[in-house]
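For reference, model-v6.pdb is printed below; it contains PDB, C-alpha atoms, pLDDT in the B column.
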```pdb
MODEL        1
ATOM      1  CA  MET Q   1     -19.815   2.640  26.942  1.00 40.00           C
ATOM      2  CA  THR Q   2     -18.866   5.669  24.838  1.00 45.00           C
ATOM      3  CA  PRO Q   3     -19.850   6.167  21.178  1.00 45.00           C
ATOM      4  CA  GLN Q   4     -16.185   5.726  20.227  1.00 48.00           C
ATOM      5  CA  SER Q   5     -15.964   2.333  21.955  1.00 55.00           C
ATOM      6  CA  ARG Q   6     -19.075   0.887  20.295  1.00 72.00           C
ATOM      7  CA  GLU Q   7     -18.170  -0.826  17.031  1.00 84.00           C
ATOM      8  CA  ILE Q   8     -19.834  -0.139  13.699  1.00 89.00           C
ATOM      9  CA  ASP Q   9     -21.992  -3.211  13.175  1.00 91.00           C
ATOM     10  CA  VAL Q  10     -21.185  -4.086   9.571  1.00 94.00           C
ATOM     11  CA  ARG Q  11     -20.134  -7.576   8.572  1.00 95.00           C
ATOM     12  CA  VAL Q  12     -17.936  -8.736   5.716  1.00 96.00           C
ATOM     13  CA  THR Q  13     -16.702 -12.220   4.863  1.00 97.00           C
ATOM     14  CA  TRP Q  14     -15.456 -14.052   1.793  1.00 97.00           C
ATOM     15  CA  THR Q  15     -17.902 -16.194  -0.105  1.00 97.00           C
ATOM     16  CA  LYS Q  16     -16.867 -19.827  -0.437  1.00 94.00           C
ATOM     17  CA  SER Q  17     -15.089 -19.210  -3.741  1.00 93.00           C
ATOM     18  CA  GLY Q  18     -14.472 -15.497  -3.281  1.00 96.00           C
ATOM     19  CA  VAL Q  19     -10.702 -15.494  -2.693  1.00 96.00           C
ATOM     20  CA  PRO Q  20      -8.696 -15.139  -5.922  1.00 96.00           C
ATOM     21  CA  THR Q  21      -6.546 -18.219  -6.462  1.00 95.00           C
ATOM     22  CA  ASP Q  22      -2.817 -18.269  -7.159  1.00 95.00           C
ATOM     23  CA  GLN Q  23      -3.630 -19.401 -10.687  1.00 94.00           C
ATOM     24  CA  MET Q  24      -5.884 -16.377 -11.186  1.00 95.00           C
ATOM     25  CA  ILE Q  25      -2.973 -14.108 -10.202  1.00 96.00           C
ATOM     26  CA  ILE Q  26      -0.690 -15.921 -12.642  1.00 95.00           C
ATOM     27  CA  ASP Q  27      -3.289 -15.751 -15.404  1.00 94.00           C
ATOM     28  CA  ALA Q  28      -3.756 -12.002 -14.884  1.00 95.00           C
ATOM     29  CA  ALA Q  29      -0.015 -11.436 -15.164  1.00 94.00           C
ATOM     30  CA  ALA Q  30       0.101 -13.663 -18.235  1.00 92.00           C
ATOM     31  CA  ALA Q  31      -2.646 -11.568 -19.820  1.00 90.00           C
ATOM     32  CA  GLY Q  32      -0.461  -8.500 -19.331  1.00 88.00           C
ATOM     33  CA  MET Q  33       2.534 -10.273 -20.769  1.00 88.00           C
ATOM     34  CA  VAL Q  34       0.541 -11.230 -23.854  1.00 85.00           C
ATOM     35  CA  SER Q  35       0.250  -7.529 -24.616  1.00 78.00           C
ATOM     36  CA  ARG Q  36       3.912  -6.740 -23.922  1.00 72.00           C
ATOM     37  CA  LYS Q  37       6.077  -9.778 -24.707  1.00 71.00           C
ATOM     38  CA  ASP Q  38       7.383 -10.935 -28.075  1.00 69.00           C
ATOM     39  CA  GLU Q  39       6.998 -14.598 -27.098  1.00 74.00           C
ATOM     40  CA  HIS Q  40       3.753 -16.463 -27.589  1.00 81.00           C
ATOM     41  CA  TYR Q  41       1.678 -17.335 -24.519  1.00 82.00           C
ATOM     42  CA  ASN Q  42       2.584 -21.038 -24.645  1.00 79.00           C
ATOM     43  CA  GLU Q  43       6.274 -20.170 -24.622  1.00 77.00           C
ATOM     44  CA  PHE Q  44       6.311 -18.380 -21.266  1.00 82.00           C
ATOM     45  CA  ILE Q  45       3.289 -19.550 -19.280  1.00 87.00           C
ATOM     46  CA  SER Q  46       4.815 -22.808 -18.010  1.00 86.00           C
ATOM     47  CA  ASP Q  47       7.718 -20.911 -16.405  1.00 89.00           C
ATOM     48  CA  LEU Q  48       5.639 -18.116 -14.899  1.00 90.00           C
ATOM     49  CA  SER Q  49       5.796 -18.434 -11.095  1.00 94.00           C
ATOM     50  CA  LEU Q  50       3.449 -16.822  -8.595  1.00 95.00           C
ATOM     51  CA  GLU Q  51       6.185 -14.518  -7.282  1.00 95.00           C
ATOM     52  CA  ARG Q  52       7.087 -13.390 -10.795  1.00 94.00           C
ATOM     53  CA  ALA Q  53       3.409 -12.792 -11.527  1.00 95.00           C
ATOM     54  CA  LYS Q  54       3.043 -10.626  -8.416  1.00 96.00           C
ATOM     55  CA  GLU Q  55       6.131  -8.599  -9.340  1.00 96.00           C
ATOM     56  CA  PHE Q  56       4.797  -8.069 -12.844  1.00 94.00           C
ATOM     57  CA  LEU Q  57       1.363  -6.928 -11.597  1.00 96.00           C
ATOM     58  CA  VAL Q  58       2.907  -4.469  -9.133  1.00 96.00           C
ATOM     59  CA  LYS Q  59       4.953  -3.080 -12.025  1.00 94.00           C
ATOM     60  CA  MET Q  60       1.791  -2.709 -14.129  1.00 93.00           C
ATOM     61  CA  ILE Q  61       0.088  -0.834 -11.292  1.00 95.00           C
ATOM     62  CA  LYS Q  62       3.025   1.565 -10.993  1.00 94.00           C
ATOM     63  CA  LEU Q  63       2.912   2.182 -14.751  1.00 92.00           C
ATOM     64  CA  GLY Q  64      -0.828   2.805 -14.626  1.00 91.00           C
ATOM     65  CA  HIS Q  65      -1.632  -0.216 -16.806  1.00 90.00           C
ATOM     66  CA  GLU Q  66      -4.365  -1.608 -14.556  1.00 93.00           C
ATOM     67  CA  SER Q  67      -6.637  -3.233 -17.139  1.00 93.00           C
ATOM     68  CA  VAL Q  68      -4.957  -6.630 -16.554  1.00 94.00           C
ATOM     69  CA  LEU Q  69      -6.303  -6.538 -12.980  1.00 96.00           C
ATOM     70  CA  GLU Q  70      -9.796  -7.074 -14.368  1.00 95.00           C
ATOM     71  CA  HIS Q  71      -8.898 -10.765 -14.681  1.00 95.00           C
ATOM     72  CA  ILE Q  72      -8.663 -11.059 -10.865  1.00 97.00           C
ATOM     73  CA  ILE Q  73     -12.078 -11.531  -9.275  1.00 97.00           C
ATOM     74  CA  PHE Q  74     -13.064 -11.056  -5.613  1.00 97.00           C
ATOM     75  CA  GLN Q  75     -16.401 -11.967  -4.045  1.00 97.00           C
ATOM     76  CA  PHE Q  76     -17.658 -10.853  -0.622  1.00 97.00           C
ATOM     77  CA  TRP Q  77     -20.741 -11.357   1.519  1.00 97.00           C
ATOM     78  CA  MET Q  78     -21.587  -8.186   3.414  1.00 96.00           C
ATOM     79  CA  SER Q  79     -24.254  -6.904   5.768  1.00 95.00           C
ATOM     80  CA  MET Q  80     -24.936  -3.210   6.358  1.00 94.00           C
ATOM     81  CA  SER Q  81     -27.705  -0.644   6.520  1.00 93.00           C
ATOM     82  CA  ARG Q  82     -29.625   0.314   3.397  1.00 90.00           C
ATOM     83  CA  VAL Q  83     -28.061   3.765   3.695  1.00 89.00           C
ATOM     84  CA  ALA Q  84     -24.641   2.220   3.124  1.00 90.00           C
ATOM     85  CA  SER Q  85     -25.887  -0.285   0.551  1.00 90.00           C
ATOM     86  CA  HIS Q  86     -27.151   2.561  -1.644  1.00 86.00           C
ATOM     87  CA  GLN Q  87     -23.616   3.939  -1.675  1.00 85.00           C
ATOM     88  CA  GLN Q  88     -22.137   0.505  -2.232  1.00 87.00           C
ATOM     89  CA  VAL Q  89     -24.089  -0.206  -5.408  1.00 83.00           C
ATOM     90  CA  ARG Q  90     -23.037   3.111  -6.922  1.00 77.00           C
ATOM     91  CA  HIS Q  91     -19.782   1.319  -7.709  1.00 78.00           C
ATOM     92  CA  ARG Q  92     -21.166   0.114 -11.007  1.00 72.00           C
ATOM     93  CA  MET Q  93     -18.126  -1.890 -12.108  1.00 78.00           C
ATOM     94  CA  ALA Q  94     -19.213  -4.683  -9.787  1.00 88.00           C
ATOM     95  CA  SER Q  95     -22.058  -7.192  -9.633  1.00 90.00           C
ATOM     96  CA  TYR Q  96     -24.462  -7.292  -6.692  1.00 90.00           C
ATOM     97  CA  THR Q  97     -27.209  -9.541  -5.412  1.00 91.00           C
ATOM     98  CA  GLN Q  98     -29.043  -7.931  -2.517  1.00 91.00           C
ATOM     99  CA  MET Q  99     -31.462  -9.249   0.094  1.00 89.00           C
ATOM    100  CA  SER Q 100     -35.055  -8.586  -0.904  1.00 85.00           C
ATOM    101  CA  LEU Q 101     -37.535  -6.899   1.409  1.00 84.00           C
ATOM    102  CA  ARG Q 102     -40.437  -8.073  -0.734  1.00 84.00           C
ATOM    103  CA  LYS Q 103     -40.549 -11.150   1.497  1.00 85.00           C
ATOM    104  CA  LYS Q 104     -42.354 -10.745   4.831  1.00 88.00           C
ATOM    105  CA  ARG Q 105     -39.792 -10.682   7.631  1.00 88.00           C
ATOM    106  CA  ASP Q 106     -40.092 -10.965  11.398  1.00 93.00           C
ATOM    107  CA  LEU Q 107     -37.951  -7.954  12.206  1.00 95.00           C
ATOM    108  CA  THR Q 108     -36.238  -7.216  15.512  1.00 95.00           C
ATOM    109  CA  VAL Q 109     -34.006  -4.374  16.672  1.00 95.00           C
ATOM    110  CA  GLU Q 110     -31.030  -6.517  15.577  1.00 94.00           C
ATOM    111  CA  ASP Q 111     -32.158  -6.044  11.972  1.00 95.00           C
ATOM    112  CA  PHE Q 112     -31.165  -2.367  12.128  1.00 96.00           C
ATOM    113  CA  VAL Q 113     -27.689  -0.814  12.192  1.00 94.00           C
ATOM    114  CA  VAL Q 114     -27.181   1.504  15.163  1.00 94.00           C
ATOM    115  CA  PRO Q 115     -24.642   4.283  14.491  1.00 93.00           C
ATOM    116  CA  PRO Q 116     -21.807   4.152  17.050  1.00 92.00           C
ATOM    117  CA  GLN Q 117     -22.074   7.930  17.392  1.00 93.00           C
ATOM    118  CA  ILE Q 118     -25.284   7.563  19.422  1.00 94.00           C
ATOM    119  CA  LYS Q 119     -24.481   8.551  23.000  1.00 94.00           C
ATOM    120  CA  GLU Q 120     -25.080   6.030  25.746  1.00 94.00           C
ATOM    121  CA  ASN Q 121     -27.752   8.189  27.378  1.00 96.00           C
ATOM    122  CA  ASP Q 122     -29.582   8.424  24.028  1.00 97.00           C
ATOM    123  CA  LEU Q 123     -29.243   4.761  23.058  1.00 96.00           C
ATOM    124  CA  ASN Q 124     -32.482   3.505  24.617  1.00 97.00           C
ATOM    125  CA  GLU Q 125     -34.430   6.275  22.897  1.00 97.00           C
ATOM    126  CA  TRP Q 126     -32.845   5.382  19.557  1.00 96.00           C
ATOM    127  CA  LEU Q 127     -33.739   1.696  20.070  1.00 97.00           C
ATOM    128  CA  ARG Q 128     -37.326   2.659  20.968  1.00 97.00           C
ATOM    129  CA  ASP Q 129     -37.557   4.571  17.696  1.00 97.00           C
ATOM    130  CA  ILE Q 130     -36.421   1.440  15.860  1.00 97.00           C
ATOM    131  CA  GLN Q 131     -39.108  -0.569  17.638  1.00 97.00           C
ATOM    132  CA  THR Q 132     -41.674   2.035  16.579  1.00 97.00           C
ATOM    133  CA  THR Q 133     -40.566   1.505  12.974  1.00 97.00           C
ATOM    134  CA  ILE Q 134     -40.987  -2.271  13.345  1.00 97.00           C
ATOM    135  CA  ASP Q 135     -44.420  -1.767  14.907  1.00 97.00           C
ATOM    136  CA  MET Q 136     -45.513   0.427  11.988  1.00 96.00           C
ATOM    137  CA  TYR Q 137     -44.298  -2.174   9.483  1.00 96.00           C
ATOM    138  CA  ASN Q 138     -46.209  -4.923  11.298  1.00 97.00           C
ATOM    139  CA  LYS Q 139     -49.317  -2.735  11.663  1.00 97.00           C
ATOM    140  CA  TRP Q 140     -49.730  -2.308   7.925  1.00 96.00           C
ATOM    141  CA  LEU Q 141     -49.144  -6.011   7.354  1.00 95.00           C
ATOM    142  CA  THR Q 142     -51.820  -6.794   9.955  1.00 96.00           C
ATOM    143  CA  LYS Q 143     -54.205  -4.478   8.093  1.00 96.00           C
ATOM    144  CA  GLY Q 144     -53.836  -6.838   5.156  1.00 96.00           C
ATOM    145  CA  TYR Q 145     -51.521  -4.798   2.955  1.00 95.00           C
ATOM    146  CA  ASP Q 146     -48.863  -6.492   0.847  1.00 94.00           C
ATOM    147  CA  VAL Q 147     -45.210  -6.396   1.912  1.00 93.00           C
ATOM    148  CA  ASP Q 148     -44.569  -4.089  -1.064  1.00 92.00           C
ATOM    149  CA  VAL Q 149     -46.680  -1.489   0.750  1.00 94.00           C
ATOM    150  CA  ALA Q 150     -45.641  -2.192   4.361  1.00 94.00           C
ATOM    151  CA  ARG Q 151     -41.913  -2.081   3.656  1.00 93.00           C
ATOM    152  CA  ARG Q 152     -42.239   1.594   2.780  1.00 92.00           C
ATOM    153  CA  ARG Q 153     -42.559   2.277   6.506  1.00 94.00           C
ATOM    154  CA  LEU Q 154     -39.050   0.916   7.128  1.00 94.00           C
ATOM    155  CA  THR Q 155     -36.207   3.355   7.668  1.00 93.00           C
ATOM    156  CA  GLN Q 156     -32.860   3.500   5.898  1.00 91.00           C
ATOM    157  CA  ASP Q 157     -31.015   1.971   8.849  1.00 93.00           C
ATOM    158  CA  SER Q 158     -32.730  -1.380   8.310  1.00 94.00           C
ATOM    159  CA  ARG Q 159     -30.143  -4.056   7.651  1.00 93.00           C
ATOM    160  CA  THR Q 160     -29.591  -5.653   4.270  1.00 93.00           C
ATOM    161  CA  ASP Q 161     -27.247  -8.386   3.067  1.00 95.00           C
ATOM    162  CA  MET Q 162     -25.611  -8.637  -0.336  1.00 94.00           C
ATOM    163  CA  ILE Q 163     -23.068 -10.503  -2.394  1.00 95.00           C
ATOM    164  CA  MET Q 164     -20.546  -8.317  -4.210  1.00 95.00           C
ATOM    165  CA  THR Q 165     -18.422  -9.620  -7.088  1.00 96.00           C
ATOM    166  CA  ILE Q 166     -15.751  -7.203  -8.237  1.00 96.00           C
ATOM    167  CA  ASN Q 167     -12.500  -7.307 -10.162  1.00 96.00           C
ATOM    168  CA  ALA Q 168      -9.238  -6.012  -8.705  1.00 96.00           C
ATOM    169  CA  ARG Q 169      -9.137  -2.911 -10.906  1.00 95.00           C
ATOM    170  CA  SER Q 170     -12.590  -1.788  -9.793  1.00 94.00           C
ATOM    171  CA  LEU Q 171     -11.798  -2.738  -6.197  1.00 96.00           C
ATOM    172  CA  ARG Q 172      -8.823  -0.370  -6.304  1.00 95.00           C
ATOM    173  CA  ASN Q 173     -11.225   2.386  -7.340  1.00 92.00           C
ATOM    174  CA  PHE Q 174     -13.581   1.428  -4.506  1.00 93.00           C
ATOM    175  CA  PHE Q 175     -10.782   1.598  -1.940  1.00 93.00           C
ATOM    176  CA  ASN Q 176      -9.512   4.912  -3.310  1.00 90.00           C
ATOM    177  CA  LEU Q 177     -12.947   6.423  -2.699  1.00 88.00           C
ATOM    178  CA  ARG Q 178     -14.089   4.645   0.451  1.00 89.00           C
ATOM    179  CA  ALA Q 179     -10.891   4.200   2.489  1.00 85.00           C
ATOM    180  CA  LYS Q 180     -10.793   7.918   3.300  1.00 78.00           C
ATOM    181  CA  HIS Q 181     -12.088   9.510   6.490  1.00 74.00           C
ATOM    182  CA  GLU Q 182     -14.440  11.770   4.542  1.00 80.00           C
ATOM    183  CA  ALA Q 183     -16.370   8.707   3.352  1.00 85.00           C
ATOM    184  CA  ASP Q 184     -19.535   7.782   5.252  1.00 89.00           C
ATOM    185  CA  PHE Q 185     -18.490   6.033   8.468  1.00 90.00           C
ATOM    186  CA  GLU Q 186     -20.336   2.819   7.676  1.00 91.00           C
ATOM    187  CA  ILE Q 187     -19.077   2.217   4.147  1.00 92.00           C
ATOM    188  CA  HIS Q 188     -15.617   3.253   5.360  1.00 92.00           C
ATOM    189  CA  GLU Q 189     -15.832   0.393   7.857  1.00 92.00           C
ATOM    190  CA  VAL Q 190     -16.991  -1.977   5.094  1.00 94.00           C
ATOM    191  CA  ALA Q 191     -13.909  -1.007   3.062  1.00 94.00           C
ATOM    192  CA  LYS Q 192     -11.610  -1.626   6.054  1.00 93.00           C
ATOM    193  CA  LYS Q 193     -13.094  -5.054   6.721  1.00 94.00           C
ATOM    194  CA  MET Q 194     -12.746  -5.996   3.059  1.00 95.00           C
ATOM    195  CA  TYR Q 195      -9.126  -4.903   3.071  1.00 95.00           C
ATOM    196  CA  HIS Q 196      -8.360  -6.851   6.260  1.00 94.00           C
ATOM    197  CA  LEU Q 197      -9.654 -10.018   4.586  1.00 96.00           C
ATOM    198  CA  ILE Q 198      -7.499  -9.289   1.548  1.00 96.00           C
ATOM    199  CA  GLU Q 199      -4.486  -8.668   3.762  1.00 94.00           C
ATOM    200  CA  LYS Q 200      -4.966 -11.991   5.564  1.00 94.00           C
ATOM    201  CA  GLY Q 201      -5.302 -13.692   2.193  1.00 93.00           C
ATOM    202  CA  GLY Q 202      -1.885 -12.417   1.074  1.00 94.00           C
ATOM    203  CA  LEU Q 203      -3.341 -10.261  -1.696  1.00 96.00           C
ATOM    204  CA  SER Q 204      -2.586  -6.786  -0.351  1.00 94.00           C
ATOM    205  CA  PHE Q 205       0.240  -6.364  -2.891  1.00 96.00           C
ATOM    206  CA  LEU Q 206      -2.495  -5.264  -5.313  1.00 96.00           C
ATOM    207  CA  PHE Q 207      -3.483  -2.356  -3.052  1.00 95.00           C
ATOM    208  CA  ASN Q 208      -0.342  -1.376  -1.099  1.00 91.00           C
ATOM    209  CA  ASP Q 209      -0.115   2.031  -2.787  1.00 91.00           C
ATOM    210  CA  ILE Q 210      -3.588   3.020  -1.554  1.00 91.00           C
ATOM    211  CA  GLY Q 211      -3.598   4.884   1.758  1.00 80.00           C
ATOM    212  CA  PHE Q 212      -6.111   3.600   4.308  1.00 76.00           C
ATOM    213  CA  GLU Q 213      -7.163   6.164   6.908  1.00 72.00           C
TER     214      GLU Q 213
ENDMDL
END
```

Please re-express this file's structure in structure tokens.
Amino acid sequence: MTPQSREIDVRVTWTKSGVPTDQMIIDAAAAGMVSRKDEHYNEFISDLSLERAKEFLVKMIKLGHESVLEHIIFQFWMSMSRVASHQQVRHRMASYTQMSLRKKRDLTVEDFVVPPQIKENDLNEWLRDIQTTIDMYNKWLTKGYDVDVARRRLTQDSRTDMIMTINARSLRNFFNLRAKHEADFEIHEVAKKMYHLIEKGGLSFLFNDIGFE
């Protein structure tokens, strides 16, 4: 197996209520129309179809009037290394809840993200280094130290899970920064997996002007 053929082991799924509903799309478009139309909200909302709402939002994006997209909310569950998670949470216009390492955990090699760039003849050595990290963590727990102390022996490639809640305007900013090849390979893969979910959900019209590399 070559480094190129080994996948980047990040995971992204929708939360149970994470997919924006048709009504949310309509409401976002209606919010934009409130600022632009002469009619009152109650006069046009009953006739506002999903297709018309999508057309209106695409028009707003083209005009650069993206504030109405803040009414469209996405929520994802994701799993990645702490290296990538530190980059993820720099996107401050989102809300995060992240897995805590203050709880004692029975760690295995599977709880670490292995970069796909590691060559096959170096892979066993890399995995042994991970096991050494786990052994150090367990050693300091065995000595009677609190998890708050022992977890400081863990490396940045240890896996963490999080929930991310983000509006469509901020998600456009995220994709603009993280869908490029110069982004870190792991968060770039997170961005791609998020976009694939969005595409399957029929919501890519909000992001079609953003180039994914």

*Of the residues Q:Met33, Q:Val114, Q:Val89, Q:Ala53, which is the one nearest to Arg6 (chain Q), using all atoms listed in the file?*
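So, comparing all the options, the nearest one is Q:Val114.
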
*From the set Q:Ala29, Q:Leu48, Q:Val190, Q:Leu69, which residue has the shortest atom-to-atom contact distance to Ile8 (chain Q), counting all atoms listed in the file?*
Q:Val190

*asked:* Here's the selection I'm unsure about, the PyMOL selection byres ((chain Q and resi 165-170) around 7); applied to the file above, which residues does it give, as a ChimeraX atom specification?
replied: /Q:66-67,69-76,93-96,163-164,171-174

Any chance you can output those residues with C-alpha atoms as a compact mmCIF listing (two decimals), in the frame of the given file?
```
# COMPACT_ATOMS: atom_id res chain seq x y z
CA GLU Q 66 -4.36 -1.61 -14.56
CA SER Q 67 -6.64 -3.23 -17.14
CA LEU Q 69 -6.30 -6.54 -12.98
CA GLU Q 70 -9.80 -7.07 -14.37
CA HIS Q 71 -8.90 -10.76 -14.68
CA ILE Q 72 -8.66 -11.06 -10.86
CA ILE Q 73 -12.08 -11.53 -9.28
CA PHE Q 74 -13.06 -11.06 -5.61
CA GLN Q 75 -16.40 -11.97 -4.04
CA PHE Q 76 -17.66 -10.85 -0.62
CA MET Q 93 -18.13 -1.89 -12.11
CA ALA Q 94 -19.21 -4.68 -9.79
CA SER Q 95 -22.06 -7.19 -9.63
CA TYR Q 96 -24.46 -7.29 -6.69
CA ILE Q 163 -23.07 -10.50 -2.39
CA MET Q 164 -20.55 -8.32 -4.21
CA LEU Q 171 -11.80 -2.74 -6.20
CA ARG Q 172 -8.82 -0.37 -6.30
CA ASN Q 173 -11.22 2.39 -7.34
CA PHE Q 174 -13.58 1.43 -4.51
```

*List the residues matched by the PyMOL selection byres ((chain Q and resi 101) around 9) in the displayed structure as a ChimeraX atom specification, ordered by chain and then by residue number.*
/Q:99-100,102-105,147-148,151,160

*Which one is closest to Thr15 (chain Q): Q:Lys143, Q:Met78, Q:Leu154, Q:His86? Count all atoms listed in the file.*
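Once distances to Thr15 (chain Q) are computed over all atoms listed in the file, the minimum belongs to Q:Met78.
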
For region 1-25 of chain Q in the structure I just supplied, write out N, CA and C atoms - as a compact mmCIF listing (two decimals), in the first residue's frame.
```txt
# COMPACT_ATOMS: atom_id res chain seq x y z
N MET Q 1 0.85 -1.19 0.00
CA MET Q 1 0.00 0.00 0.00
C MET Q 1 0.88 1.24 0.00
N THR Q 2 0.63 2.17 -0.89
CA THR Q 2 1.41 3.40 -0.97
C THR Q 2 0.78 4.47 -0.11
N PRO Q 3 1.56 5.52 0.28
CA PRO Q 3 0.96 6.60 1.06
C PRO Q 3 -0.23 7.23 0.35
N GLN Q 4 -0.19 7.31 -0.97
CA GLN Q 4 -1.26 7.95 -1.73
C GLN Q 4 -2.55 7.14 -1.67
N SER Q 5 -2.42 5.79 -1.52
CA SER Q 5 -3.60 4.94 -1.55
C SER Q 5 -4.25 4.81 -0.18
N ARG Q 6 -3.54 5.18 0.89
CA ARG Q 6 -4.10 5.10 2.22
C ARG Q 6 -4.93 6.35 2.49
N GLU Q 7 -6.16 6.19 2.90
CA GLU Q 7 -7.06 7.32 3.08
C GLU Q 7 -6.72 8.09 4.36
N ILE Q 8 -7.08 9.37 4.35
CA ILE Q 8 -6.96 10.20 5.55
C ILE Q 8 -8.11 9.84 6.47
N ASP Q 9 -7.80 9.39 7.67
CA ASP Q 9 -8.82 8.81 8.55
C ASP Q 9 -9.52 9.90 9.37
N VAL Q 10 -10.26 10.76 8.69
CA VAL Q 10 -11.15 11.70 9.37
C VAL Q 10 -12.58 11.29 9.05
N ARG Q 11 -13.48 11.62 9.95
CA ARG Q 11 -14.87 11.17 9.81
C ARG Q 11 -15.80 12.35 10.01
N VAL Q 12 -16.78 12.46 9.14
CA VAL Q 12 -17.75 13.55 9.21
C VAL Q 12 -19.13 13.00 8.88
N THR Q 13 -20.10 13.28 9.72
CA THR Q 13 -21.49 12.93 9.43
C THR Q 13 -22.39 14.08 9.90
N TRP Q 14 -23.62 14.08 9.42
CA TRP Q 14 -24.62 15.00 9.96
C TRP Q 14 -24.99 14.58 11.38
N THR Q 15 -25.35 15.53 12.21
CA THR Q 15 -26.06 15.18 13.43
C THR Q 15 -27.52 14.89 13.04
N LYS Q 16 -28.29 14.42 13.99
CA LYS Q 16 -29.66 14.00 13.68
C LYS Q 16 -30.49 15.14 13.10
N SER Q 17 -30.26 16.35 13.59
CA SER Q 17 -31.04 17.50 13.10
C SER Q 17 -30.15 18.49 12.37
N GLY Q 18 -29.01 18.01 11.86
CA GLY Q 18 -28.01 18.93 11.31
C GLY Q 18 -28.26 19.43 9.90
N VAL Q 19 -29.14 18.76 9.14
CA VAL Q 19 -29.37 19.16 7.75
C VAL Q 19 -30.40 20.30 7.71
N PRO Q 20 -30.05 21.44 7.13
CA PRO Q 20 -31.04 22.52 7.02
C PRO Q 20 -32.29 22.05 6.29
N THR Q 21 -33.44 22.41 6.80
CA THR Q 21 -34.71 22.00 6.20
C THR Q 21 -35.08 22.93 5.05
N ASP Q 22 -36.02 22.47 4.23
CA ASP Q 22 -36.54 23.32 3.16
C ASP Q 22 -37.11 24.62 3.72
N GLN Q 23 -37.80 24.51 4.87
CA GLN Q 23 -38.39 25.70 5.46
C GLN Q 23 -37.32 26.70 5.91
N MET Q 24 -36.18 26.18 6.36
CA MET Q 24 -35.09 27.07 6.76
C MET Q 24 -34.56 27.85 5.55
N ILE Q 25 -34.47 27.17 4.40
CA ILE Q 25 -34.05 27.83 3.17
C ILE Q 25 -35.04 28.93 2.79
```
